[in-house]
$ cat my_file.txt   # compact mmCIF, C-alpha atoms and all ligand atoms
# COMPACT_ATOMS: atom_id res chain seq x y z
CA MET A 62 7.58 -53.85 35.59
CA LYS A 63 7.81 -50.46 33.96
CA ILE A 64 5.91 -50.10 30.71
CA ASN A 65 7.25 -48.59 27.50
CA PRO A 66 6.73 -44.90 28.37
CA ASN A 67 5.97 -44.03 24.75
CA PHE A 68 2.58 -45.69 25.09
CA THR A 69 1.56 -43.15 27.74
CA LEU A 70 2.35 -40.38 25.26
CA LEU A 71 -0.05 -41.73 22.65
CA PRO A 72 -3.55 -40.26 22.79
CA GLU A 73 -6.44 -42.70 22.39
CA SER A 74 -7.66 -43.05 18.82
CA TYR A 75 -11.37 -42.21 18.77
CA LEU A 76 -11.94 -41.73 15.05
CA PHE A 77 -13.60 -44.99 14.02
CA SER A 78 -15.26 -45.63 17.39
CA THR A 79 -16.80 -42.13 17.34
CA VAL A 80 -18.05 -42.61 13.76
CA ALA A 81 -19.60 -45.94 14.82
CA ALA A 82 -21.19 -44.38 17.93
CA ARG A 83 -22.71 -41.49 15.96
CA LEU A 84 -24.09 -43.95 13.41
CA ARG A 85 -25.62 -46.08 16.18
CA ASP A 86 -27.22 -43.05 17.84
CA PHE A 87 -28.60 -41.77 14.55
CA LYS A 88 -30.10 -45.14 13.66
CA ALA A 89 -31.64 -45.48 17.12
CA SER A 90 -33.46 -42.16 16.84
CA ASN A 91 -34.21 -42.55 13.08
CA PRO A 92 -35.07 -46.24 12.68
CA ASP A 93 -36.61 -45.72 9.22
CA ALA A 94 -33.66 -43.84 7.72
CA GLU A 95 -31.71 -45.84 5.14
CA VAL A 96 -28.14 -44.87 5.90
CA ILE A 97 -25.69 -45.57 3.06
CA ARG A 98 -22.19 -46.44 4.19
CA MET A 99 -19.49 -44.46 2.44
CA ASP A 100 -17.11 -44.64 5.36
CA ILE A 101 -16.21 -48.27 4.59
CA GLY A 102 -12.43 -48.57 4.80
CA ASP A 103 -12.57 -52.18 3.74
CA VAL A 104 -13.20 -53.96 0.46
CA THR A 105 -16.59 -55.66 0.11
CA LEU A 106 -16.34 -57.97 -2.93
CA PRO A 107 -15.37 -61.59 -2.17
CA ILE A 108 -11.98 -63.16 -2.89
CA PRO A 109 -11.29 -63.79 -6.63
CA ASP A 110 -12.24 -67.32 -7.59
CA ALA A 111 -8.72 -68.24 -8.76
CA ALA A 112 -7.43 -67.58 -5.23
CA VAL A 113 -10.34 -69.44 -3.61
CA LYS A 114 -9.63 -72.54 -5.74
CA ALA A 115 -5.90 -72.39 -4.95
CA MET A 116 -6.62 -72.10 -1.23
CA HIS A 117 -9.00 -75.08 -1.32
CA ALA A 118 -6.24 -77.12 -2.97
CA ALA A 119 -3.75 -75.86 -0.37
CA VAL A 120 -6.03 -77.03 2.45
CA ASP A 121 -6.01 -80.48 0.82
CA ASP A 122 -2.18 -80.31 0.70
CA MET A 123 -2.23 -79.84 4.46
CA ALA A 124 -4.45 -82.91 4.87
CA ALA A 125 -2.07 -85.42 3.26
CA LYS A 126 1.21 -86.62 4.71
CA SER A 127 3.08 -86.29 1.41
CA THR A 128 2.03 -82.68 0.76
CA PHE A 129 1.73 -81.30 4.31
CA HIS A 130 3.54 -78.00 4.95
CA GLY A 131 4.80 -77.06 8.41
CA TYR A 132 6.89 -73.98 9.09
CA GLY A 133 7.64 -72.23 5.82
CA PRO A 134 10.52 -69.93 4.93
CA GLU A 135 10.34 -66.72 7.01
CA GLN A 136 10.86 -64.67 3.86
CA GLY A 137 7.94 -66.38 2.12
CA TYR A 138 7.60 -69.28 -0.33
CA GLU A 139 9.64 -69.05 -3.50
CA PHE A 140 6.57 -69.76 -5.66
CA LEU A 141 5.02 -66.49 -4.46
CA ARG A 142 8.21 -64.39 -4.49
CA ASP A 143 8.96 -65.60 -8.05
CA ALA A 144 5.44 -64.70 -9.19
CA ILE A 145 5.72 -61.22 -7.64
CA ALA A 146 9.16 -60.55 -9.13
CA ALA A 147 7.99 -61.66 -12.59
CA ASN A 148 4.58 -59.95 -12.66
CA ASP A 149 4.80 -56.88 -10.44
CA TYR A 150 8.34 -55.94 -11.46
CA ARG A 151 10.00 -57.70 -14.42
CA ALA A 152 6.86 -57.26 -16.53
CA LEU A 153 7.27 -53.47 -16.03
CA GLY A 154 10.97 -53.63 -16.87
CA ILE A 155 11.96 -53.28 -13.21
CA ASP A 156 14.90 -55.16 -11.79
CA ILE A 157 13.75 -56.65 -8.46
CA SER A 158 14.82 -60.19 -7.62
CA PRO A 159 12.83 -62.70 -5.53
CA ASP A 160 15.39 -62.55 -2.72
CA GLU A 161 14.66 -58.82 -2.31
CA ILE A 162 10.98 -59.60 -1.62
CA PHE A 163 9.72 -60.41 1.88
CA ILE A 164 6.21 -61.87 2.23
CA SER A 165 4.30 -60.84 5.33
CA ASP A 166 0.89 -60.95 6.94
CA GLY A 167 0.13 -57.48 5.59
CA ALA A 168 1.38 -54.00 4.95
CA LYS A 169 0.34 -52.55 8.28
CA SER A 170 2.63 -54.93 10.17
CA ASP A 171 5.57 -54.15 7.91
CA LEU A 172 5.04 -50.38 8.05
CA GLY A 173 5.18 -50.58 11.84
CA ASN A 174 7.87 -53.26 12.11
CA LEU A 175 10.34 -51.46 9.81
CA GLY A 176 10.99 -49.18 12.78
CA ASP A 177 13.04 -52.07 14.26
CA ILE A 178 15.82 -51.48 11.71
CA TYR A 179 16.28 -47.71 11.96
CA SER A 180 17.58 -45.81 14.94
CA ASP A 181 15.33 -44.16 17.50
CA SER A 182 17.32 -41.00 16.81
CA CYS A 183 16.07 -40.85 13.20
CA ILE A 184 14.01 -37.87 12.07
CA VAL A 185 10.85 -39.22 10.47
CA ALA A 186 8.70 -37.36 7.94
CA ILE A 187 5.04 -38.27 7.45
CA PRO A 188 2.20 -36.97 5.29
CA ASP A 189 -0.57 -34.92 6.97
CA PRO A 190 -3.28 -36.12 6.52
CA GLY A 191 -1.99 -39.68 6.40
CA TYR A 192 -2.45 -43.31 7.36
CA PRO A 193 -2.27 -43.23 11.18
CA VAL A 194 0.26 -46.09 11.49
CA TYR A 195 3.15 -43.89 10.30
CA ALA A 196 2.92 -41.49 13.25
CA ASP A 197 1.74 -43.89 15.94
CA ALA A 198 4.31 -46.64 15.26
CA ASN A 199 7.13 -44.09 15.33
CA VAL A 200 5.83 -42.61 18.58
CA MET A 201 5.84 -46.13 20.09
CA GLY A 202 9.44 -46.39 18.89
CA GLY A 203 10.38 -43.19 20.73
CA ARG A 204 10.69 -40.93 17.70
CA GLY A 205 7.71 -38.66 18.32
CA GLY A 206 8.93 -36.26 20.98
CA THR A 207 6.00 -34.52 22.61
CA GLU A 208 2.51 -33.99 21.25
CA ARG A 209 0.79 -30.61 21.00
CA ASP A 210 -2.45 -29.84 19.18
CA GLY A 211 -2.23 -33.09 17.24
CA ARG A 212 1.39 -32.70 16.16
CA TRP A 213 4.54 -34.41 17.42
CA SER A 214 7.58 -32.21 18.07
CA ARG A 215 10.13 -34.57 16.45
CA LEU A 216 8.16 -35.56 13.35
CA VAL A 217 8.45 -33.59 10.12
CA TYR A 218 4.99 -33.02 8.64
CA LEU A 219 4.44 -33.13 4.91
CA ASP A 220 1.29 -31.10 4.41
CA CYS A 221 -1.09 -32.38 1.74
CA LEU A 222 -2.97 -29.24 0.71
CA PRO A 223 -4.98 -27.96 -2.25
CA GLU A 224 -1.99 -25.69 -3.07
CA ASN A 225 0.23 -28.69 -3.78
CA GLY A 226 -2.52 -30.86 -5.25
CA PHE A 227 -2.37 -32.87 -1.98
CA ASN A 228 1.04 -34.15 -3.07
CA PRO A 229 3.76 -32.93 -0.71
CA LEU A 230 7.19 -32.05 -2.08
CA PRO A 231 10.46 -32.50 -0.15
CA PRO A 232 10.80 -30.09 2.81
CA ASP A 233 13.72 -27.77 3.54
CA ALA A 234 14.17 -29.67 6.81
CA HIS A 235 16.25 -32.83 7.03
CA ALA A 236 14.57 -36.21 7.46
CA ASP A 237 16.16 -39.66 7.68
CA VAL A 238 13.06 -41.71 7.02
CA ILE A 239 10.22 -40.52 4.79
CA PHE A 240 6.84 -42.18 4.60
CA LEU A 241 5.10 -41.64 1.27
CA CYS A 242 1.77 -43.15 0.28
CA SER A 243 0.74 -43.07 -3.38
CA PRO A 244 -2.06 -43.35 -4.37
CA ALA A 245 -2.75 -41.97 -0.92
CA ASN A 246 -5.10 -42.88 1.84
CA PRO A 247 -7.06 -40.73 2.75
CA THR A 248 -6.79 -38.09 -0.02
CA GLY A 249 -6.71 -40.44 -3.04
CA ALA A 250 -4.02 -38.23 -4.64
CA ALA A 251 -1.16 -39.88 -6.54
CA LEU A 252 2.35 -38.42 -6.75
CA THR A 253 3.44 -37.66 -10.31
CA LYS A 254 6.66 -39.08 -11.72
CA ALA A 255 8.25 -35.61 -11.54
CA GLN A 256 7.29 -35.25 -7.87
CA LEU A 257 8.62 -38.70 -7.02
CA ARG A 258 11.83 -37.82 -8.89
CA GLN A 259 12.27 -34.89 -6.46
CA TRP A 260 11.72 -37.21 -3.50
CA ILE A 261 14.30 -39.71 -4.72
CA ASP A 262 16.82 -36.91 -5.30
CA TYR A 263 16.09 -35.60 -1.79
CA ALA A 264 16.53 -39.06 -0.23
CA LEU A 265 19.80 -39.69 -2.06
CA SER A 266 21.25 -36.28 -1.15
CA HIS A 267 20.14 -36.57 2.52
CA ASP A 268 21.23 -40.22 2.81
CA ALA A 269 17.61 -40.87 3.80
CA ILE A 270 15.27 -43.73 3.00
CA ILE A 271 11.76 -43.58 1.59
CA ILE A 272 9.21 -46.06 2.86
CA PHE A 273 6.81 -46.18 -0.09
CA ASP A 274 3.36 -47.43 0.85
CA SER A 275 1.94 -48.75 -2.38
CA ALA A 276 -1.16 -50.48 -0.93
CA TYR A 277 -3.33 -48.95 -3.69
CA CYS A 278 -1.05 -49.60 -6.68
CA ALA A 279 -3.71 -51.72 -8.39
CA TYR A 280 -5.93 -48.62 -8.68
CA VAL A 281 -3.41 -46.54 -10.64
CA ALA A 282 -4.95 -45.34 -13.91
CA SER A 283 -3.01 -42.13 -14.71
CA THR A 284 0.00 -42.49 -16.93
CA ASP A 285 1.89 -39.74 -15.13
CA THR A 286 2.25 -41.71 -11.92
CA VAL A 287 3.82 -45.05 -10.98
CA ARG A 288 2.68 -48.41 -9.68
CA SER A 289 6.12 -49.03 -8.21
CA ILE A 290 8.66 -46.46 -7.03
CA TYR A 291 11.34 -48.62 -8.69
CA GLU A 292 10.08 -47.43 -12.07
CA LEU A 293 12.31 -44.44 -11.31
CA GLU A 294 16.09 -44.42 -11.52
CA GLY A 295 17.85 -44.31 -8.15
CA ALA A 296 14.96 -45.75 -6.12
CA ARG A 297 16.83 -49.04 -5.64
CA ARG A 298 19.36 -47.10 -3.54
CA CYS A 299 16.88 -45.29 -1.27
CA ALA A 300 13.40 -46.83 -1.29
CA ILE A 301 11.66 -49.68 0.50
CA GLU A 302 8.32 -50.52 -1.12
CA VAL A 303 5.46 -51.91 0.95
CA ARG A 304 2.57 -53.63 -0.80
CA SER A 305 -0.53 -55.52 0.15
CA PHE A 306 -3.03 -57.93 -1.38
CA SER A 307 -5.73 -56.38 0.84
CA LYS A 308 -7.09 -53.60 -1.33
CA THR A 309 -5.97 -55.25 -4.57
CA ALA A 310 -7.60 -58.64 -4.13
CA GLY A 311 -9.80 -58.42 -1.06
CA PHE A 312 -7.27 -60.07 1.28
CA THR A 313 -8.10 -57.78 4.22
CA GLY A 314 -9.36 -60.76 6.20
CA LEU A 315 -6.89 -63.32 4.81
CA ARG A 316 -3.76 -61.23 5.55
CA CYS A 317 -0.92 -61.13 3.03
CA GLY A 318 1.43 -58.42 1.81
CA TYR A 319 5.06 -57.95 0.97
CA THR A 320 7.95 -55.57 1.38
CA VAL A 321 10.78 -55.02 -1.08
CA VAL A 322 14.20 -54.20 0.34
CA PRO A 323 16.65 -53.91 -2.59
CA ARG A 324 20.23 -55.09 -2.13
CA ASP A 325 21.53 -51.60 -2.96
CA ILE A 326 19.93 -49.77 -0.06
CA GLU A 327 22.18 -49.08 2.92
CA GLY A 328 22.17 -47.47 6.35
CA VAL A 329 25.02 -46.26 8.52
CA ASP A 330 26.09 -47.99 11.76
CA ALA A 331 27.48 -46.33 14.92
CA ASP A 332 31.04 -46.50 13.48
CA GLY A 333 29.98 -44.83 10.24
CA SER A 334 30.22 -48.04 8.19
CA ARG A 335 27.55 -48.66 5.60
CA ARG A 336 25.43 -51.77 5.97
CA PRO A 337 22.81 -53.26 3.63
CA LEU A 338 19.30 -52.86 5.04
CA ARG A 339 18.20 -56.08 3.36
CA LYS A 340 20.35 -58.08 5.79
CA LEU A 341 18.91 -56.23 8.78
CA TRP A 342 15.34 -56.80 7.62
CA LEU A 343 16.08 -60.49 6.96
CA ARG A 344 17.50 -60.75 10.49
CA ARG A 345 14.47 -58.96 11.92
CA GLN A 346 12.00 -61.19 10.10
CA THR A 347 13.80 -64.47 10.84
CA THR A 348 13.90 -63.51 14.53
CA LYS A 349 10.40 -62.18 15.08
CA PHE A 350 8.29 -63.67 12.25
CA ASN A 351 7.63 -67.26 11.23
CA GLY A 352 6.19 -66.61 7.80
CA ALA A 353 2.71 -66.09 6.38
CA SER A 354 0.33 -69.02 6.09
CA TYR A 355 1.04 -71.54 3.29
CA ILE A 356 -2.64 -71.58 2.33
CA ILE A 357 -2.84 -67.80 2.03
CA GLN A 358 0.40 -67.61 0.04
CA ARG A 359 -1.02 -70.19 -2.41
CA GLY A 360 -4.08 -67.96 -2.71
CA ALA A 361 -1.92 -64.89 -3.34
CA ALA A 362 0.17 -66.70 -5.99
CA ALA A 363 -3.03 -67.61 -7.88
CA LEU A 364 -3.72 -63.88 -8.34
CA TYR A 365 -0.87 -63.88 -10.86
CA THR A 366 -2.45 -66.50 -13.12
CA PRO A 367 -4.34 -65.16 -16.18
CA GLU A 368 -7.71 -65.88 -14.47
CA GLY A 369 -6.53 -64.32 -11.22
CA LYS A 370 -5.35 -61.17 -12.99
CA ALA A 371 -8.63 -60.79 -14.85
CA GLN A 372 -10.67 -61.26 -11.65
CA VAL A 373 -8.57 -58.72 -9.72
CA ALA A 374 -8.95 -56.23 -12.58
CA ALA A 375 -12.73 -56.76 -12.60
CA ASN A 376 -12.99 -56.04 -8.85
CA VAL A 377 -10.83 -52.92 -9.11
CA ASP A 378 -12.93 -51.79 -12.06
CA TYR A 379 -16.13 -52.28 -10.05
CA TYR A 380 -14.90 -49.99 -7.29
CA MET A 381 -13.48 -47.44 -9.73
CA LYS A 382 -16.87 -47.06 -11.42
CA ASN A 383 -18.19 -46.04 -8.01
CA ALA A 384 -15.23 -43.71 -7.50
CA ALA A 385 -15.90 -41.94 -10.81
CA ARG A 386 -19.55 -41.54 -9.93
CA ILE A 387 -18.74 -40.08 -6.50
CA ARG A 388 -16.10 -37.73 -7.86
CA THR A 389 -18.37 -36.37 -10.60
CA ALA A 390 -21.44 -35.96 -8.39
CA MET A 391 -19.55 -34.32 -5.52
CA ALA A 392 -17.89 -31.83 -7.88
CA LYS A 393 -21.23 -31.06 -9.53
CA ALA A 394 -22.76 -30.47 -6.08
CA GLY A 395 -20.15 -27.79 -5.38
CA PHE A 396 -17.63 -29.71 -3.32
CA GLU A 397 -13.91 -29.26 -3.73
CA THR A 398 -12.79 -32.83 -4.46
CA THR A 399 -9.66 -34.80 -5.14
CA GLY A 400 -8.90 -38.51 -5.52
CA GLY A 401 -11.12 -41.10 -7.14
CA VAL A 402 -8.99 -41.31 -10.29
CA ASP A 403 -6.13 -43.54 -9.09
CA SER A 404 -7.77 -44.51 -5.85
CA PRO A 405 -11.03 -45.76 -4.32
CA TYR A 406 -11.08 -42.69 -2.04
CA ILE A 407 -12.60 -39.27 -2.65
CA TRP A 408 -11.48 -36.41 -0.41
CA ALA A 409 -13.99 -33.60 -0.27
CA LYS A 410 -14.53 -30.21 1.27
CA SER A 411 -17.64 -28.03 1.26
CA PRO A 412 -17.61 -24.24 1.00
CA LEU A 413 -20.36 -24.25 3.67
CA PHE A 414 -18.58 -26.21 6.42
CA SER A 415 -15.13 -25.59 7.86
CA ASP A 416 -15.27 -28.41 10.39
CA SER A 417 -14.97 -32.11 9.44
CA TRP A 418 -17.39 -33.30 12.13
CA ALA A 419 -19.97 -30.67 11.14
CA LEU A 420 -19.78 -31.87 7.54
CA PHE A 421 -19.99 -35.47 8.78
CA ASP A 422 -23.15 -34.58 10.76
CA HIS A 423 -24.67 -32.85 7.74
CA PHE A 424 -24.09 -35.94 5.61
CA LEU A 425 -25.54 -38.24 8.23
CA SER A 426 -28.54 -36.16 9.35
CA ASP A 427 -29.59 -34.58 6.06
CA LEU A 428 -28.43 -37.08 3.43
CA HIS A 429 -28.34 -40.30 5.47
CA ILE A 430 -24.81 -40.99 4.24
CA SER A 431 -21.97 -41.99 6.55
CA CYS A 432 -18.41 -40.85 5.80
CA THR A 433 -15.13 -40.41 7.66
CA PRO A 434 -14.15 -37.00 9.06
CA GLY A 435 -10.84 -35.90 7.57
CA SER A 436 -9.61 -34.38 10.83
CA GLY A 437 -9.11 -37.94 12.10
CA PHE A 438 -6.19 -38.35 9.66
CA GLY A 439 -4.22 -35.30 10.78
CA THR A 440 -4.54 -31.59 11.46
CA GLU A 441 -4.48 -30.73 7.73
CA GLY A 442 -7.49 -33.01 7.26
CA GLU A 443 -9.72 -30.54 9.11
CA GLY A 444 -12.69 -29.45 7.01
CA TYR A 445 -12.56 -32.53 4.78
CA ILE A 446 -14.41 -35.82 4.66
CA ARG A 447 -13.35 -39.08 3.04
CA LEU A 448 -15.85 -41.02 0.94
CA THR A 449 -15.03 -44.55 -0.17
CA ALA A 450 -15.99 -46.43 -3.33
CA PHE A 451 -16.43 -49.81 -1.62
CA ASN A 452 -20.23 -49.89 -1.54
CA THR A 453 -22.39 -51.39 -4.31
CA HIS A 454 -23.10 -49.57 -7.60
CA GLU A 455 -26.76 -49.26 -6.63
CA LEU A 456 -26.24 -47.73 -3.19
CA THR A 457 -23.42 -45.49 -4.42
CA ALA A 458 -25.74 -44.16 -7.14
CA THR A 459 -28.55 -43.58 -4.62
CA ALA A 460 -26.17 -41.75 -2.26
CA MET A 461 -24.96 -39.46 -5.04
CA ASP A 462 -28.54 -38.76 -6.15
CA ARG A 463 -29.17 -37.54 -2.60
CA VAL A 464 -26.08 -35.31 -2.71
CA LEU A 465 -27.20 -33.78 -6.02
CA ALA A 466 -30.82 -33.32 -4.93
CA ASN A 467 -29.64 -31.56 -1.77
CA ALA A 468 -27.38 -29.25 -3.77
CA LYS A 469 -30.31 -28.25 -6.02
CA GLY A 470 -32.78 -27.89 -3.16
C1 LIG B 1 -5.23 -50.65 4.12
C2 LIG B 1 -3.91 -50.00 4.10
C3 LIG B 1 -2.75 -50.69 4.47
C4 LIG B 1 -2.82 -52.01 5.19
O1 LIG B 1 -2.88 -53.09 4.49
P1 LIG B 1 -2.85 -54.53 5.14
O2 LIG B 1 -2.01 -55.28 4.21
O3 LIG B 1 -4.28 -54.99 5.19
O4 LIG B 1 -2.24 -54.47 6.50
C5 LIG B 1 -1.53 -50.06 4.35
N1 LIG B 1 -1.44 -48.79 3.93
C6 LIG B 1 -2.52 -48.07 3.61
C7 LIG B 1 -2.37 -46.68 3.19
C8 LIG B 1 -3.79 -48.66 3.70
O5 LIG B 1 -4.87 -47.92 3.43
$ encode --input "my_file.txt" --output "structure tokens"
Amino acid sequence: MKINPNFTLLPESYLFSTVAARLRDFKASNPDAEVIRMDIGDVTLPIPDAAVKAMHAAVDDMAAKSTFHGYGPEQGYEFLRDAIAANDYRALGIDISPDEIFISDGAKSDLGNLGDIYSDSCIVAIPDPGYPVYADANVMGGRGGTERDGRWSRLVYLDCLPENGFNPLPPDAHADVIFLCSPANPTGAALTKAQLRQWIDYALSHDAIIIFDSAYCAYVASTDTVRSIYELEGARRCAIEVRSFSKTAGFTGLRCGYTVVPRDIEGVDADGSRRPLRKLWLRRQTTKFNGASYIIQRGAAALYTPEGKAQVAANVDYYMKNAARIRTAMAKAGFETTGGVDSPYIWAKSPLFSDSWALFDHFLSDLHISCTPGSGFGTEGEGYIRLTAFNTHELTATAMDRVLANAKG
């Protein structure tokens, strides 16, 4: 059996294992040091109570013959798709219908699986730095070309730099599929409405599609950005929106997300005929996916009740208090920072360090704070670190006191 040759092209991913190894080594040689984790890429608060109650009731449904649920609809239960359409879209004046919503076991799966419905000849554009799935899944699908110094020959890179406020604008080059993430992981930057307008115009004029990763939409606070790309005219014809309950409601371990494929969005077949992507994605999901768990979907639906909404908002608010504290302290200590306004991530660079791992080591050895080196998210991440707002208020405050004391000393 010959393996998919694209896997041999992919370099190993050492980022998180190297961070973990350096932390282990440091703790072994400094057993008394109290290391504060600001590299946590996962939520830490428990599931909102409304969802917990709904899931308990759903377990009881499974235990009785009259309410047992076996295989569910591949696209997801109507009760959840209706709640999403009403609350995440109609409430904002956006026209998305329940049959354009596909429930899944999370955004990461969908972001990778969408590659099934576009050609391996497509030119794919991805942000640099960016969420690693965009590049790696497309390399597995044969769209990477060859790798050199951390860049793939067939991918178009959208550089997120201080010069553009870490928000890339459309390139001169052509792309067929564009991955955008806003608010972004790892930089925390959010595209403005005017910038997104340019992207939609680019996609429509290039007959391209935008895959809009909106995993952090619940953190949006600025009025000049969007929670959904469909807030903008024309997006229904060019954008697929991918969302998740992971960062919004702590579902990282429960697994639930959804993808919106509007009826208006089309691709071109080998004969040049236009075909609706929604039908392709439905075919893909009904063939390879048997639906998310009934219990988890009941939990997700409960997030749209008044109690659920209030509990989600309280959790987001908890993290955003940390984000504000980190942003302010880091800036005061002389770091160049972005993010932390519409996102639980703060992206930071020091005038004293040009290398991400050197800055990581400084944080760990001198401040006893762990973070994530930005170079792990792409070549343009070099020099930066990512700090996350997922720790407690107390430990976040202590960590920032250390940063400020070090800056003074
Ligand atoms: C965490 C994250 C996801 C993945 O979400 P899941 O639903 O847990 O798979 C997707 N995109 C970005 C940018 C993320 O940070």
$ residues_near_ligand --input "my_file.txt" --ligand "ligand LIG 1 (chain B)" --cutoff "6 Å" --atoms "all atoms listed in the file" --output "MDAnalysis selection string"
chainID A and resid 167:169 192 246 274 276 305 307 313 318
$ closest_residue --input "my_file.txt" --among "A:Leu230, A:Ala124, A:Ala310, A:Ile155" --to "Lys370 of chain A" --atoms "all atoms listed in the file"
A:Ala310
$ closest_atom_pairs --input "my_file.txt" --of "segment 198-224 of chain A" --to "segment 402-416 of chain A" --cutoff "12 Å" --atoms "all atoms listed in the file" --output "tab-separated table"
residue	atom	partner	partner_atom	distance
A:Cys221	CA	A:Trp408	CA	11.3
A:Leu222	CA	A:Trp408	CA	11.2
A:Pro223	CA	A:Lys410	CA	10.4
$ closest_residue --input "my_file.txt" --among "A:Ala361, A:Ile356, A:Leu428, A:Leu420" --to "Phe396 of chain A" --atoms "all atoms listed in the file"
A:Leu420
$ atom_distance --input "my_file.txt" --atom1 "atom CA of Gly133 of chain A" --atom2 "atom CA of Asp171 of chain A"
18.3 Å
$ residues_near_point --input "my_file.txt" --point "(-14.6, -60.8, 0.6)" --cutoff "10 Å" --atoms "only C-alpha atoms" --output "list in words"
Asp103, Val104, Thr105, Leu106, Pro107, Ile108, Pro109, Ser307, Ala310, Gly311, Phe312, Thr313, Gly314 and Leu315 of chain A
$ residues_around --input "my_file.txt" --residues "Asp210 of chain A" --least-positions-apart "6" --cutoff "12 Å" --atoms "only C-alpha atoms" --output "count of residues only"
5
$ residues_around --input "my_file.txt" --residues "Pro66 of chain A" --least-positions-apart "5" --cutoff "10 Å" --atoms "all atoms listed in the file" --output "PyMOL selection string"
chain A and resi 71+201-203
$ residues_around --input "my_file.txt" --residues "Ala362 of chain A" --least-positions-apart "5" --cutoff "10 Å" --atoms "only C-alpha atoms" --output "JSON, numbers by chain"
{"A": [111, 112, 115, 116, 138, 140, 141, 142, 143, 144, 145, 357, 369]}
$ residues_around --input "my_file.txt" --residues "Phe240 of chain A" --least-positions-apart "4" --cutoff "12 Å" --atoms "only C-alpha atoms" --output "number ranges by chain"
A: 172-173, 175-176, 184-196, 198-199, 216-219, 229, 231, 236, 245, 260, 264, 269-275, 300-303
$ closest_residue --input "my_file.txt" --among "A:Asp149, A:Asp330, A:Asp93, A:Asp122" --to "Tyr291 of chain A" --atoms "all atoms listed in the file"
A:Asp149
$ closest_residue --input "my_file.txt" --among "A:Gly211, A:Gly470, A:Gly395, A:Gly352" --to "Ile164 of chain A" --atoms "all atoms listed in the file"
A:Gly352
$ atom_distance --input "my_file.txt" --atom1 "atom CA of Cys432 of chain A" --atom2 "atom CA of Leu76 of chain A"
11.3 Å
$ residues_around --input "my_file.txt" --residues "Arg339 of chain A" --least-positions-apart "4" --cutoff "12 Å" --atoms "only C-alpha atoms" --output "list of chain:residue names"
A:Gln136, A:Asp160, A:Glu161, A:Ile162, A:Phe163, A:Leu175, A:Ile178, A:Arg297, A:Arg298, A:Cys299, A:Ala300, A:Ile301, A:Thr320, A:Val321, A:Val322, A:Pro323, A:Arg324, A:Asp325, A:Ile326, A:Glu327, A:Gly328, A:Leu343, A:Arg344, A:Arg345, A:Gln346
$ decode --input "my_file.txt" --residues "segment 76-85 of chain A" --atoms "N, CA, C and O atoms" --output "short mmCIF file (atom, residue, chain, number, x, y, z; two decimals), in the first residue's frame"
data_model
loop_
_atom_site.label_atom_id
_atom_site.label_comp_id
_atom_site.auth_asym_id
_atom_site.auth_seq_id
_atom_site.Cartn_x
_atom_site.Cartn_y
_atom_site.Cartn_z
N LEU A 76 5.77 22.61 17.99
CA LEU A 76 5.51 23.80 18.80
C LEU A 76 5.08 23.48 20.23
O LEU A 76 5.74 23.82 21.20
N PHE A 77 3.92 22.79 20.36
CA PHE A 77 3.38 22.59 21.70
C PHE A 77 4.16 21.56 22.49
O PHE A 77 4.29 21.68 23.71
N SER A 78 4.75 20.56 21.79
CA SER A 78 5.54 19.57 22.51
C SER A 78 6.84 20.21 23.02
O SER A 78 7.32 19.89 24.10
N THR A 79 7.41 21.14 22.25
CA THR A 79 8.64 21.80 22.69
C THR A 79 8.36 22.73 23.87
O THR A 79 9.13 22.78 24.83
N VAL A 80 7.23 23.46 23.80
CA VAL A 80 6.85 24.32 24.94
C VAL A 80 6.70 23.45 26.19
O VAL A 80 7.24 23.78 27.26
N ALA A 81 6.01 22.32 26.05
CA ALA A 81 5.79 21.43 27.21
C ALA A 81 7.11 20.89 27.74
O ALA A 81 7.32 20.84 28.96
N ALA A 82 8.03 20.53 26.85
CA ALA A 82 9.33 19.98 27.27
C ALA A 82 10.15 21.04 28.01
O ALA A 82 10.76 20.76 29.04
N ARG A 83 10.14 22.28 27.48
CA ARG A 83 10.92 23.33 28.15
C ARG A 83 10.34 23.65 29.53
O ARG A 83 11.08 23.92 30.48
N LEU A 84 9.01 23.59 29.63
CA LEU A 84 8.36 23.81 30.93
C LEU A 84 8.76 22.72 31.92
O LEU A 84 9.08 23.01 33.07
N ARG A 85 8.73 21.48 31.45
CA ARG A 85 9.09 20.34 32.30
C ARG A 85 10.52 20.49 32.80
O ARG A 85 10.79 20.36 33.99
#
